[in-house]
$ cat model_12.pdb   # PDB, C-alpha atoms, pLDDT in the B column
ATOM      1  CA  MET A   1     113.800 112.380  75.886  1.00 89.00           C
ATOM      2  CA  PHE A   2     114.988 115.002  78.383  1.00 95.00           C
ATOM      3  CA  LEU A   3     116.216 118.491  77.579  1.00 95.00           C
ATOM      4  CA  LEU A   4     117.168 121.718  79.333  1.00 96.00           C
ATOM      5  CA  SER A   5     114.910 124.707  78.691  1.00 96.00           C
ATOM      6  CA  VAL A   6     115.739 128.295  79.628  1.00 97.00           C
ATOM      7  CA  LEU A   7     112.826 130.284  81.060  1.00 97.00           C
ATOM      8  CA  GLU A   8     112.304 133.675  82.662  1.00 97.00           C
ATOM      9  CA  ASP A   9     109.686 134.457  85.270  1.00 97.00           C
ATOM     10  CA  THR A  10     109.005 136.874  88.103  1.00 95.00           C
ATOM     11  CA  MET A  11     108.784 135.095  91.437  1.00 95.00           C
ATOM     12  CA  THR A  12     107.312 136.540  94.614  1.00 92.00           C
ATOM     13  CA  ILE A  13     108.959 136.100  98.006  1.00 92.00           C
ATOM     14  CA  MET A  14     106.645 136.719 100.939  1.00 91.00           C
ATOM     15  CA  PRO A  15     107.761 138.888 103.911  1.00 89.00           C
ATOM     16  CA  ILE A  16     107.939 135.877 106.238  1.00 89.00           C
ATOM     17  CA  ASN A  17     110.834 134.565 104.100  1.00 87.00           C
ATOM     18  CA  PHE A  18     112.819 137.819 103.729  1.00 87.00           C
ATOM     19  CA  SER A  19     115.432 136.681 106.260  1.00 88.00           C
ATOM     20  CA  LYS A  20     116.119 133.410 104.430  1.00 89.00           C
ATOM     21  CA  ASN A  21     118.587 132.751 101.611  1.00 92.00           C
ATOM     22  CA  LEU A  22     117.150 134.452  98.519  1.00 93.00           C
ATOM     23  CA  LYS A  23     118.431 131.992  95.938  1.00 94.00           C
ATOM     24  CA  LYS A  24     117.142 129.008  97.900  1.00 94.00           C
ATOM     25  CA  GLN A  25     113.741 130.652  98.280  1.00 94.00           C
ATOM     26  CA  LEU A  26     113.622 131.325  94.547  1.00 96.00           C
ATOM     27  CA  ALA A  27     114.542 127.705  93.810  1.00 96.00           C
ATOM     28  CA  ASP A  28     111.746 126.481  96.069  1.00 94.00           C
ATOM     29  CA  GLU A  29     109.214 128.821  94.451  1.00 94.00           C
ATOM     30  CA  ILE A  30     110.253 127.736  90.947  1.00 96.00           C
ATOM     31  CA  ASN A  31     109.896 124.042  91.804  1.00 95.00           C
ATOM     32  CA  VAL A  32     106.487 124.604  93.399  1.00 94.00           C
ATOM     33  CA  LYS A  33     105.257 126.470  90.328  1.00 94.00           C
ATOM     34  CA  TYR A  34     106.775 124.326  87.580  1.00 95.00           C
ATOM     35  CA  ALA A  35     107.662 120.820  88.796  1.00 94.00           C
ATOM     36  CA  ASN A  36     105.354 118.143  87.348  1.00 93.00           C
ATOM     37  CA  LYS A  37     103.523 120.789  85.311  1.00 93.00           C
ATOM     38  CA  VAL A  38     102.979 120.743  81.548  1.00 93.00           C
ATOM     39  CA  ILE A  39     103.849 123.766  79.423  1.00 93.00           C
ATOM     40  CA  PRO A  40     102.267 123.651  75.931  1.00 91.00           C
ATOM     41  CA  ASP A  41     104.792 123.000  73.153  1.00 91.00           C
ATOM     42  CA  LEU A  42     107.548 122.681  75.743  1.00 95.00           C
ATOM     43  CA  GLY A  43     106.750 119.495  77.643  1.00 96.00           C
ATOM     44  CA  LEU A  44     106.506 118.148  81.172  1.00 96.00           C
ATOM     45  CA  CYS A  45     108.667 120.087  83.626  1.00 96.00           C
ATOM     46  CA  ILE A  46     110.582 117.720  85.886  1.00 96.00           C
ATOM     47  CA  ALA A  47     112.693 119.925  88.164  1.00 95.00           C
ATOM     48  CA  LEU A  48     114.889 122.993  88.387  1.00 96.00           C
ATOM     49  CA  ARG A  49     118.419 122.439  87.083  1.00 96.00           C
ATOM     50  CA  ALA A  50     120.014 125.813  87.828  1.00 97.00           C
ATOM     51  CA  ILE A  51     119.342 129.510  88.345  1.00 97.00           C
ATOM     52  CA  ASP A  52     121.354 131.564  85.863  1.00 97.00           C
ATOM     53  CA  HIS A  53     120.416 135.115  86.783  1.00 97.00           C
ATOM     54  CA  VAL A  54     118.613 136.911  89.613  1.00 96.00           C
ATOM     55  CA  GLY A  55     117.361 140.450  88.986  1.00 95.00           C
ATOM     56  CA  ASP A  56     117.053 143.238  91.503  1.00 93.00           C
ATOM     57  CA  PRO A  57     114.171 142.791  93.959  1.00 91.00           C
ATOM     58  CA  LYS A  58     111.231 145.132  93.397  1.00 91.00           C
ATOM     59  CA  TYR A  59     108.394 146.199  95.627  1.00 88.00           C
ATOM     60  CA  VAL A  60     105.091 147.116  93.986  1.00 84.00           C
ATOM     61  CA  ALA A  61     102.686 149.425  95.769  1.00 82.00           C
ATOM     62  CA  GLY A  62      99.502 147.704  96.853  1.00 79.00           C
ATOM     63  CA  THR A  63     101.069 144.229  96.807  1.00 81.00           C
ATOM     64  CA  THR A  64     102.770 142.154  99.460  1.00 82.00           C
ATOM     65  CA  GLY A  65     106.083 140.467  99.004  1.00 87.00           C
ATOM     66  CA  MET A  66     109.235 141.045  97.033  1.00 92.00           C
ATOM     67  CA  HIS A  67     109.143 140.507  93.256  1.00 94.00           C
ATOM     68  CA  VAL A  68     112.271 139.121  91.610  1.00 95.00           C
ATOM     69  CA  LYS A  69     112.838 138.431  87.916  1.00 96.00           C
ATOM     70  CA  VAL A  70     114.723 135.169  87.448  1.00 97.00           C
ATOM     71  CA  ARG A  71     116.273 133.349  84.489  1.00 98.00           C
ATOM     72  CA  PHE A  72     116.610 129.616  85.085  1.00 98.00           C
ATOM     73  CA  ARG A  73     116.978 126.211  83.438  1.00 97.00           C
ATOM     74  CA  LEU A  74     114.429 123.422  83.819  1.00 97.00           C
ATOM     75  CA  ILE A  75     114.754 119.717  83.101  1.00 97.00           C
ATOM     76  CA  VAL A  76     111.900 118.966  80.712  1.00 97.00           C
ATOM     77  CA  PHE A  77     110.496 115.711  79.356  1.00 97.00           C
ATOM     78  CA  ARG A  78     109.713 116.019  75.653  1.00 97.00           C
ATOM     79  CA  PRO A  79     110.636 113.024  73.496  1.00 96.00           C
ATOM     80  CA  PHE A  80     111.486 113.709  69.872  1.00 95.00           C
ATOM     81  CA  ALA A  81     109.726 112.183  66.855  1.00 94.00           C
ATOM     82  CA  GLN A  82     110.809 108.611  66.025  1.00 94.00           C
ATOM     83  CA  GLU A  83     112.527 108.201  69.411  1.00 95.00           C
ATOM     84  CA  VAL A  84     112.099 104.717  70.898  1.00 95.00           C
ATOM     85  CA  LEU A  85     110.847 104.621  74.489  1.00 96.00           C
ATOM     86  CA  THR A  86     110.686 101.668  76.863  1.00 96.00           C
ATOM     87  CA  GLY A  87     107.676 101.443  79.157  1.00 97.00           C
ATOM     88  CA  VAL A  88     105.142  99.129  80.749  1.00 97.00           C
ATOM     89  CA  VAL A  89     101.635  98.354  79.487  1.00 97.00           C
ATOM     90  CA  LEU A  90      99.043  99.912  81.800  1.00 96.00           C
ATOM     91  CA  ASP A  91      95.840  99.003  80.017  1.00 95.00           C
ATOM     92  CA  SER A  92      94.403  97.935  76.670  1.00 95.00           C
ATOM     93  CA  ASP A  93      91.072  98.290  74.929  1.00 94.00           C
ATOM     94  CA  LYS A  94      89.745  97.911  71.407  1.00 94.00           C
ATOM     95  CA  ASP A  95      90.999 101.397  70.540  1.00 95.00           C
ATOM     96  CA  GLY A  96      94.614 100.967  71.584  1.00 96.00           C
ATOM     97  CA  ILE A  97      97.211 100.456  74.317  1.00 97.00           C
ATOM     98  CA  LYS A  98      98.217 102.785  77.165  1.00 97.00           C
ATOM     99  CA  VAL A  99     101.839 102.673  78.345  1.00 97.00           C
ATOM    100  CA  SER A 100     103.594 104.112  81.405  1.00 97.00           C
ATOM    101  CA  LEU A 101     107.207 105.277  81.596  1.00 97.00           C
ATOM    102  CA  GLY A 102     107.115 105.249  85.401  1.00 95.00           C
ATOM    103  CA  PHE A 103     107.152 109.026  85.850  1.00 94.00           C
ATOM    104  CA  PHE A 104     104.795 109.658  82.903  1.00 96.00           C
ATOM    105  CA  HIS A 105     101.657 107.581  82.329  1.00 95.00           C
ATOM    106  CA  ASP A 106     100.170 109.022  79.142  1.00 96.00           C
ATOM    107  CA  VAL A 107     101.873 107.248  76.262  1.00 97.00           C
ATOM    108  CA  TYR A 108      99.170 105.969  73.915  1.00 97.00           C
ATOM    109  CA  ILE A 109      99.334 103.632  70.921  1.00 97.00           C
ATOM    110  CA  PRO A 110      96.093 103.885  68.903  1.00 96.00           C
ATOM    111  CA  LYS A 111      95.071 100.818  66.916  1.00 94.00           C
ATOM    112  CA  ASP A 112      95.804 102.690  63.681  1.00 94.00           C
ATOM    113  CA  ASN A 113      99.469 102.779  64.759  1.00 95.00           C
ATOM    114  CA  MET A 114      99.617  98.992  65.112  1.00 93.00           C
ATOM    115  CA  PRO A 115      99.898  96.368  62.334  1.00 89.00           C
ATOM    116  CA  GLN A 116      96.562  95.403  60.781  1.00 86.00           C
ATOM    117  CA  SER A 117      97.330  91.759  61.525  1.00 86.00           C
ATOM    118  CA  TRP A 118      97.072  92.421  65.260  1.00 90.00           C
ATOM    119  CA  GLU A 119      93.712  91.652  66.848  1.00 93.00           C
ATOM    120  CA  PHE A 120      92.061  92.641  70.110  1.00 95.00           C
ATOM    121  CA  ASN A 121      90.983  89.753  72.350  1.00 92.00           C
ATOM    122  CA  GLU A 122      87.982  91.008  74.325  1.00 91.00           C
ATOM    123  CA  GLU A 123      88.026  88.037  76.714  1.00 89.00           C
ATOM    124  CA  GLU A 124      91.670  88.608  77.656  1.00 88.00           C
ATOM    125  CA  ASN A 125      91.391  92.390  77.214  1.00 91.00           C
ATOM    126  CA  SER A 126      94.681  92.402  75.323  1.00 94.00           C
ATOM    127  CA  TRP A 127      96.102  92.726  71.824  1.00 94.00           C
ATOM    128  CA  VAL A 128      97.394  89.614  70.070  1.00 93.00           C
ATOM    129  CA  TRP A 129      99.778  89.062  67.182  1.00 89.00           C
ATOM    130  CA  ASN A 130      99.124  85.755  65.430  1.00 85.00           C
ATOM    131  CA  TYR A 131     102.344  84.691  63.750  1.00 83.00           C
ATOM    132  CA  GLU A 132     102.520  81.402  61.855  1.00 82.00           C
ATOM    133  CA  GLY A 133      99.711  80.002  63.966  1.00 81.00           C
ATOM    134  CA  ASN A 134     101.289  81.084  67.262  1.00 84.00           C
ATOM    135  CA  PRO A 135      99.520  83.778  69.334  1.00 87.00           C
ATOM    136  CA  TYR A 136     101.765  86.421  70.919  1.00 88.00           C
ATOM    137  CA  THR A 137      99.847  88.375  73.548  1.00 90.00           C
ATOM    138  CA  ILE A 138     100.644  91.857  74.837  1.00 93.00           C
ATOM    139  CA  ASP A 139      99.723  91.629  78.521  1.00 92.00           C
ATOM    140  CA  ASN A 140      99.396  94.308  81.175  1.00 93.00           C
ATOM    141  CA  ASP A 141     102.616  95.048  83.091  1.00 94.00           C
ATOM    142  CA  GLU A 142     104.680  93.808  80.153  1.00 94.00           C
ATOM    143  CA  SER A 143     107.732  95.833  79.135  1.00 95.00           C
ATOM    144  CA  VAL A 144     107.460  97.199  75.596  1.00 95.00           C
ATOM    145  CA  ASN A 145     109.365  99.367  73.142  1.00 95.00           C
ATOM    146  CA  VAL A 146     107.336 102.024  71.315  1.00 96.00           C
ATOM    147  CA  ARG A 147     108.199 104.681  68.734  1.00 96.00           C
ATOM    148  CA  VAL A 148     107.155 108.311  69.275  1.00 97.00           C
ATOM    149  CA  GLU A 149     104.990 109.742  66.490  1.00 96.00           C
ATOM    150  CA  ASP A 150     103.535 112.930  67.969  1.00 96.00           C
ATOM    151  CA  ILE A 151     102.849 114.887  71.178  1.00 96.00           C
ATOM    152  CA  GLU A 152      99.388 116.294  71.894  1.00 94.00           C
ATOM    153  CA  TYR A 153      98.609 119.076  74.382  1.00 93.00           C
ATOM    154  CA  ASP A 154      95.184 119.813  75.865  1.00 88.00           C
ATOM    155  CA  ILE A 155      95.305 123.594  76.024  1.00 77.00           C
ATOM    156  CA  SER A 156      91.703 123.930  77.283  1.00 73.00           C
ATOM    157  CA  ARG A 157      92.423 121.860  80.369  1.00 63.00           C
ATOM    158  CA  MET A 158      95.481 123.915  81.281  1.00 60.00           C
ATOM    159  CA  MET A 159      93.579 127.176  80.809  1.00 58.00           C
ATOM    160  CA  ASN A 160      90.586 125.921  82.823  1.00 62.00           C
ATOM    161  CA  PRO A 161      91.590 123.977  85.974  1.00 58.00           C
ATOM    162  CA  SER A 162      87.957 122.970  86.547  1.00 60.00           C
ATOM    163  CA  ALA A 163      88.266 120.730  83.486  1.00 57.00           C
ATOM    164  CA  ALA A 164      90.918 118.633  85.222  1.00 55.00           C
ATOM    165  CA  ASN A 165      88.604 115.640  85.526  1.00 58.00           C
ATOM    166  CA  THR A 166      87.532 115.421  81.882  1.00 61.00           C
ATOM    167  CA  GLY A 167      89.771 112.395  81.336  1.00 69.00           C
ATOM    168  CA  CYS A 168      92.018 114.153  78.800  1.00 80.00           C
ATOM    169  CA  PRO A 169      95.635 114.479  80.002  1.00 89.00           C
ATOM    170  CA  PRO A 170      97.346 117.860  79.567  1.00 91.00           C
ATOM    171  CA  MET A 171     100.064 116.107  77.539  1.00 95.00           C
ATOM    172  CA  ARG A 172      99.896 112.832  75.645  1.00 96.00           C
ATOM    173  CA  VAL A 173     102.629 111.076  73.682  1.00 97.00           C
ATOM    174  CA  VAL A 174     101.167 109.302  70.646  1.00 97.00           C
ATOM    175  CA  ALA A 175     103.329 106.338  69.674  1.00 97.00           C
ATOM    176  CA  SER A 176     103.385 103.321  67.368  1.00 96.00           C
ATOM    177  CA  MET A 177     104.195  99.671  67.838  1.00 92.00           C
ATOM    178  CA  SER A 178     104.961  96.869  65.392  1.00 82.00           C
ATOM    179  CA  ALA A 179     106.402  93.379  65.267  1.00 69.00           C
ATOM    180  CA  ASP A 180     109.715  94.444  63.738  1.00 72.00           C
ATOM    181  CA  GLY A 181     112.551  96.836  64.376  1.00 75.00           C
ATOM    182  CA  GLY A 182     112.739  95.853  68.037  1.00 83.00           C
ATOM    183  CA  LEU A 183     109.325  97.360  68.812  1.00 90.00           C
ATOM    184  CA  GLY A 184     106.614  95.674  70.863  1.00 89.00           C
ATOM    185  CA  PRO A 185     107.109  93.466  73.931  1.00 91.00           C
ATOM    186  CA  ILE A 186     110.776  93.099  74.832  1.00 91.00           C
ATOM    187  CA  SER A 187     110.143  89.406  75.587  1.00 87.00           C
ATOM    188  CA  TRP A 188     109.461  88.767  71.883  1.00 79.00           C
ATOM    189  CA  TRP A 189     112.935  89.895  70.919  1.00 76.00           C
ATOM    190  CA  ALA A 190     114.575  88.070  73.828  1.00 73.00           C
ATOM    191  CA  GLU A 191     113.004  84.835  72.582  1.00 61.00           C
ATOM    192  CA  GLN A 192     114.139  85.589  69.027  1.00 57.00           C
ATOM    193  CA  ASP A 193     117.725  86.183  70.196  1.00 53.00           C
ATOM    194  CA  GLU A 194     117.681  82.854  72.046  1.00 54.00           C
ATOM    195  CA  ASP A 195     116.425  81.067  68.935  1.00 50.00           C
ATOM    196  CA  ASP A 196     119.132  82.714  66.818  1.00 52.00           C
ATOM    197  CA  ASP A 197     121.808  81.688  69.330  1.00 52.00           C
ATOM    198  CA  GLU A 198     120.568  78.087  69.272  1.00 52.00           C
ATOM    199  CA  GLU A 199     120.630  78.007  65.467  1.00 53.00           C
ATOM    200  CA  GLU A 200     124.152  79.421  65.461  1.00 55.00           C
ATOM    201  CA  VAL A 201     125.363  76.803  67.926  1.00 50.00           C
ATOM    202  CA  GLU A 202     123.750  74.025  65.892  1.00 55.00           C
ATOM    203  CA  GLY A 203     125.382  75.377  62.743  1.00 56.00           C
ATOM    204  CA  GLU A 204     128.792  75.439  64.384  1.00 57.00           C
ATOM    205  CA  GLY A 205     128.287  71.864  65.583  1.00 54.00           C
ATOM    206  CA  GLY A 206     127.437  70.720  62.073  1.00 54.00           C
ATOM    207  CA  ASP A 207     130.521  72.391  60.640  1.00 56.00           C
ATOM    208  CA  ALA A 208     132.706  70.756  63.290  1.00 50.00           C
ATOM    209  CA  ALA A 209     131.249  67.336  62.486  1.00 50.00           C
ATOM    210  CA  ALA A 210     131.878  67.860  58.793  1.00 50.00           C
ATOM    211  CA  GLU A 211     135.488  68.789  59.489  1.00 55.00           C
ATOM    212  CA  ASP A 212     135.928  65.683  61.648  1.00 56.00           C
ATOM    213  CA  GLY A 213     134.548  63.531  58.836  1.00 53.00           C
ATOM    214  CA  GLU A 214     136.954  65.000  56.310  1.00 54.00           C
ATOM    215  CA  GLY A 215     139.861  64.515  58.710  1.00 50.00           C
ATOM    216  CA  GLY A 216     138.912  60.847  59.283  1.00 49.00           C
ATOM    217  CA  GLY A 217     138.881  60.092  55.575  1.00 49.00           C
ATOM    218  CA  GLY A 218     142.348  61.575  55.226  1.00 44.00           C
ATOM    219  CA  ALA A 219     143.703  59.359  58.004  1.00 40.00           C
ATOM    220  CA  GLU A 220     142.359  56.216  56.298  1.00 45.00           C
ATOM    221  CA  ASP A 221     143.923  57.275  52.999  1.00 46.00           C
ATOM    222  CA  MET A 222     147.280  57.670  54.696  1.00 38.00           C
ATOM    223  CA  LYS A 223     147.087  54.147  56.149  1.00 42.00           C
ATOM    224  CA  GLU A 224     146.379  52.740  52.755  1.00 41.00           C
TER     225      GLU A 224
END

$ encode --input "model_12.pdb" --output "structure tokens"
Amino acid sequence: MFLLSVLEDTMTIMPINFSKNLKKQLADEINVKYANKVIPDLGLCIALRAIDHVGDPKYVAGTTGMHVKVRFRLIVFRPFAQEVLTGVVLDSDKDGIKVSLGFFHDVYIPKDNMPQSWEFNEEENSWVWNYEGNPYTIDNDESVNVRVEDIEYDISRMMNPSAANTGCPPMRVVASMSADGGLGPISWWAEQDEDDDEEEVEGEGGDAAAEDGEGGGGAEDMKE
């Protein structure tokens, strides 16, 4: 889900900050420029991890500030294909389900990536899995496991800041959800585990009773 990416960039330190620690100023400038920003085909930048190399400061005629070439490592969020993520349902509509990871709110499960047996309940505004006559609803704020299928980037929005309110996120994780393999609401699998535990206990009780019965018969035979 998270990885370290090595980048190089030229950062500018303004004259007012010349007297301050250079490396700290560079770290601050890198975080301001990259933190919580999406880089196409790289992912969502979380924070600076380390500065590996600082070049010699340069001064360019006609510009203010000191220009420094820096090589650094960033913590980046970019889940890999088929990775299972755990998040919380934000919203649902007839086209799919939107999930939040807490720090990232654009995980989307389109209806085509859900089992055909699942149906959308317009009154409840939620998706429902009807299993053996029992409805299992996927409610808002419910914890779910989803599988990553693809990552989409909106290049036009990043190139044109004025398009920031178009409703398309700069990065969207397209995922899938099913009723097997541990995917879907975590509560479904918790209930299944409880049922399995109960069946196991009942089975052990039956075996113990059978053993007691066999032992009793043997005692009677000995008396005879």

$ closest_residue --input "model_12.pdb" --among "A:Ser143, A:Asn17, A:Gln116, A:Thr12" --to "Gly184 in chain A" --atoms "all atoms listed in the file"
A:Ser143

$ closest_residue --input "model_12.pdb" --among "A:Asp9, A:Asp52, A:Glu149, A:Asp93" --to "Lys33 in chain A" --atoms "all atoms listed in the file"
A:Asp9

$ closest_residue --input "model_12.pdb" --among "A:Met66, A:Leu3, A:His53, A:Lys37" --to "Phe18 in chain A" --atoms "all atoms listed in the file"
A:Met66

$ resolve_selection --input "model_12.pdb" --expression "the PyMOL selection byres ((chain A and resi 136) around 12)" --output "list in words"
Ser117, Trp118, Glu119, Phe120, Asn121, Ser126, Trp127, Val128, Trp129, Asn130, Tyr131, Glu132, Gly133, Asn134, Pro135, Thr137, Ile138, Asp139, Ala179, Gly184, Pro185, Ile186, Ser187, Trp188, Trp189 and Glu191 of chain A

$ atom_distance --input "model_12.pdb" --atom1 "CA of Asp141 in chain A" --atom2 "CA of Pro170 in chain A"
23.7 Å

$ residues_around --input "model_12.pdb" --residues "Ser100 in chain A" --least-positions-apart "5" --cutoff "12 Å" --atoms "all atoms listed in the file" --output "VMD selection string"
chain A and resid 85 to 91 105 to 109 140 to 146 172 to 173 175

$ write_last_selection --input "model_12.pdb" --atoms "C-alpha atoms" --output "short mmCIF file (atom, residue, chain, number, x, y, z; two decimals), keeping the file's coordinate frame"
data_model
loop_
_atom_site.label_atom_id
_atom_site.label_comp_id
_atom_site.auth_asym_id
_atom_site.auth_seq_id
_atom_site.Cartn_x
_atom_site.Cartn_y
_atom_site.Cartn_z
CA LEU A 85 110.85 104.62 74.49
CA THR A 86 110.69 101.67 76.86
CA GLY A 87 107.68 101.44 79.16
CA VAL A 88 105.14 99.13 80.75
CA VAL A 89 101.64 98.35 79.49
CA LEU A 90 99.04 99.91 81.80
CA ASP A 91 95.84 99.00 80.02
CA HIS A 105 101.66 107.58 82.33
CA ASP A 106 100.17 109.02 79.14
CA VAL A 107 101.87 107.25 76.26
CA TYR A 108 99.17 105.97 73.92
CA ILE A 109 99.33 103.63 70.92
CA ASN A 140 99.40 94.31 81.18
CA ASP A 141 102.62 95.05 83.09
CA GLU A 142 104.68 93.81 80.15
CA SER A 143 107.73 95.83 79.14
CA VAL A 144 107.46 97.20 75.60
CA ASN A 145 109.36 99.37 73.14
CA VAL A 146 107.34 102.02 71.32
CA ARG A 172 99.90 112.83 75.64
CA VAL A 173 102.63 111.08 73.68
CA ALA A 175 103.33 106.34 69.67
#

$ atom_distance --input "model_12.pdb" --atom1 "CA of Arg71 in chain A" --atom2 "CA of Ala47 in chain A"
14.4 Å

$ atom_distance --input "model_12.pdb" --atom1 "CA of Gly43 in chain A" --atom2 "CA of Ser178 in chain A"
25.8 Å

$ closest_residue --input "model_12.pdb" --among "A:Ile13, A:Leu44, A:Ile39, A:Met114" --to "His67 in chain A" --atoms "all atoms listed in the file"
A:Ile13

$ closest_residue --input "model_12.pdb" --among "A:Gly65, A:Gly102, A:Pro15, A:Pro79" --to "Ile151 in chain A" --atoms "only C-alpha atoms"
A:Pro79

$ closest_residue --input "model_12.pdb" --among "A:Pro40, A:Ala35, A:Leu22, A:Ile30" --to "Val54 in chain A" --atoms "only C-alpha atoms"
A:Leu22

$ resolve_selection --input "model_12.pdb" --expression "the PyMOL selection byres ((chain A and resi 5) around 9)" --output "VMD selection string"
chain A and resid 3 to 4 6 to 7 42 72 to 76

$ axis_aligned_box --input "model_12.pdb" --around "range 112-119 of chain A" --padding-each-side "5 Å" --output "AutoDock Vina command-line options"
--center_x 96.8 --center_y 97.2 --center_z 63.8 --size_x 16.2 --size_y 21.1 --size_z 16.1

$ build_atoms --input "model_12.pdb" --residues "range 122-144 of chain A" --atoms "N, CA and C atoms" --output "PDB file, in the coordinates of the input"
ATOM      1  N   GLU A 122      88.854  90.399  73.314  1.00 91.00           N
ATOM      2  CA  GLU A 122      87.982  91.008  74.325  1.00 91.00           C
ATOM      3  C   GLU A 122      87.941  90.198  75.615  1.00 91.00           C
ATOM      4  N   GLU A 123      88.055  88.875  75.507  1.00 89.00           N
ATOM      5  CA  GLU A 123      88.026  88.037  76.714  1.00 89.00           C
ATOM      6  C   GLU A 123      89.260  88.270  77.574  1.00 89.00           C
ATOM      7  N   GLU A 124      90.415  88.387  76.927  1.00 88.00           N
ATOM      8  CA  GLU A 124      91.670  88.608  77.656  1.00 88.00           C
ATOM      9  C   GLU A 124      91.956  90.090  77.861  1.00 88.00           C
ATOM     10  N   ASN A 125      91.187  90.935  77.162  1.00 91.00           N
ATOM     11  CA  ASN A 125      91.391  92.390  77.214  1.00 91.00           C
ATOM     12  C   ASN A 125      92.837  92.741  76.858  1.00 91.00           C
ATOM     13  N   SER A 126      93.303  92.173  75.749  1.00 94.00           N
ATOM     14  CA  SER A 126      94.681  92.402  75.323  1.00 94.00           C
ATOM     15  C   SER A 126      94.782  92.247  73.807  1.00 94.00           C
ATOM     16  N   TRP A 127      95.841  92.836  73.249  1.00 94.00           N
ATOM     17  CA  TRP A 127      96.102  92.726  71.824  1.00 94.00           C
ATOM     18  C   TRP A 127      96.970  91.505  71.553  1.00 94.00           C
ATOM     19  N   VAL A 128      96.712  90.863  70.397  1.00 93.00           N
ATOM     20  CA  VAL A 128      97.394  89.614  70.070  1.00 93.00           C
ATOM     21  C   VAL A 128      97.941  89.678  68.642  1.00 93.00           C
ATOM     22  N   TRP A 129      99.172  89.209  68.506  1.00 89.00           N
ATOM     23  CA  TRP A 129      99.778  89.062  67.182  1.00 89.00           C
ATOM     24  C   TRP A 129      99.845  87.571  66.871  1.00 89.00           C
ATOM     25  N   ASN A 130      99.114  87.154  65.845  1.00 85.00           N
ATOM     26  CA  ASN A 130      99.124  85.755  65.430  1.00 85.00           C
ATOM     27  C   ASN A 130     100.172  85.578  64.335  1.00 85.00           C
ATOM     28  N   TYR A 131     101.237  84.876  64.680  1.00 83.00           N
ATOM     29  CA  TYR A 131     102.344  84.691  63.750  1.00 83.00           C
ATOM     30  C   TYR A 131     102.580  83.208  63.508  1.00 83.00           C
ATOM     31  N   GLU A 132     102.343  82.796  62.260  1.00 82.00           N
ATOM     32  CA  GLU A 132     102.520  81.402  61.855  1.00 82.00           C
ATOM     33  C   GLU A 132     101.779  80.448  62.787  1.00 82.00           C
ATOM     34  N   GLY A 133     100.550  80.853  63.136  1.00 81.00           N
ATOM     35  CA  GLY A 133      99.711  80.002  63.966  1.00 81.00           C
ATOM     36  C   GLY A 133      99.983  80.099  65.451  1.00 81.00           C
ATOM     37  N   ASN A 134     100.959  80.919  65.843  1.00 84.00           N
ATOM     38  CA  ASN A 134     101.289  81.084  67.262  1.00 84.00           C
ATOM     39  C   ASN A 134     100.823  82.452  67.745  1.00 84.00           C
ATOM     40  N   PRO A 135      99.990  82.485  68.814  1.00 87.00           N
ATOM     41  CA  PRO A 135      99.520  83.778  69.334  1.00 87.00           C
ATOM     42  C   PRO A 135     100.546  84.405  70.280  1.00 87.00           C
ATOM     43  N   TYR A 136     100.880  85.668  70.037  1.00 88.00           N
ATOM     44  CA  TYR A 136     101.765  86.421  70.919  1.00 88.00           C
ATOM     45  C   TYR A 136     100.938  87.540  71.544  1.00 88.00           C
ATOM     46  N   THR A 137     100.733  87.445  72.851  1.00 90.00           N
ATOM     47  CA  THR A 137      99.847  88.375  73.548  1.00 90.00           C
ATOM     48  C   THR A 137     100.632  89.506  74.207  1.00 90.00           C
ATOM     49  N   ILE A 138     100.054  90.702  74.158  1.00 93.00           N
ATOM     50  CA  ILE A 138     100.644  91.857  74.837  1.00 93.00           C
ATOM     51  C   ILE A 138      99.867  92.060  76.135  1.00 93.00           C
ATOM     52  N   ASP A 139     100.416  91.608  77.231  1.00 92.00           N
ATOM     53  CA  ASP A 139      99.723  91.629  78.521  1.00 92.00           C
ATOM     54  C   ASP A 139     100.013  92.908  79.297  1.00 92.00           C
ATOM     55  N   ASN A 140      99.143  93.195  80.263  1.00 93.00           N
ATOM     56  CA  ASN A 140      99.396  94.308  81.175  1.00 93.00           C
ATOM     57  C   ASN A 140     100.669  94.041  81.973  1.00 93.00           C
ATOM     58  N   ASP A 141     101.370  95.100  82.331  1.00 94.00           N
ATOM     59  CA  ASP A 141     102.616  95.048  83.091  1.00 94.00           C
ATOM     60  C   ASP A 141     103.783  94.500  82.284  1.00 94.00           C
ATOM     61  N   GLU A 142     103.594  94.302  80.994  1.00 94.00           N
ATOM     62  CA  GLU A 142     104.680  93.808  80.153  1.00 94.00           C
ATOM     63  C   GLU A 142     105.510  94.976  79.634  1.00 94.00           C
ATOM     64  N   SER A 143     106.829  94.805  79.636  1.00 95.00           N
ATOM     65  CA  SER A 143     107.732  95.833  79.135  1.00 95.00           C
ATOM     66  C   SER A 143     107.699  95.859  77.610  1.00 95.00           C
ATOM     67  N   VAL A 144     107.566  97.060  77.047  1.00 95.00           N
ATOM     68  CA  VAL A 144     107.460  97.199  75.596  1.00 95.00           C
ATOM     69  C   VAL A 144     108.321  98.363  75.098  1.00 95.00           C
TER      70      VAL A 144
END
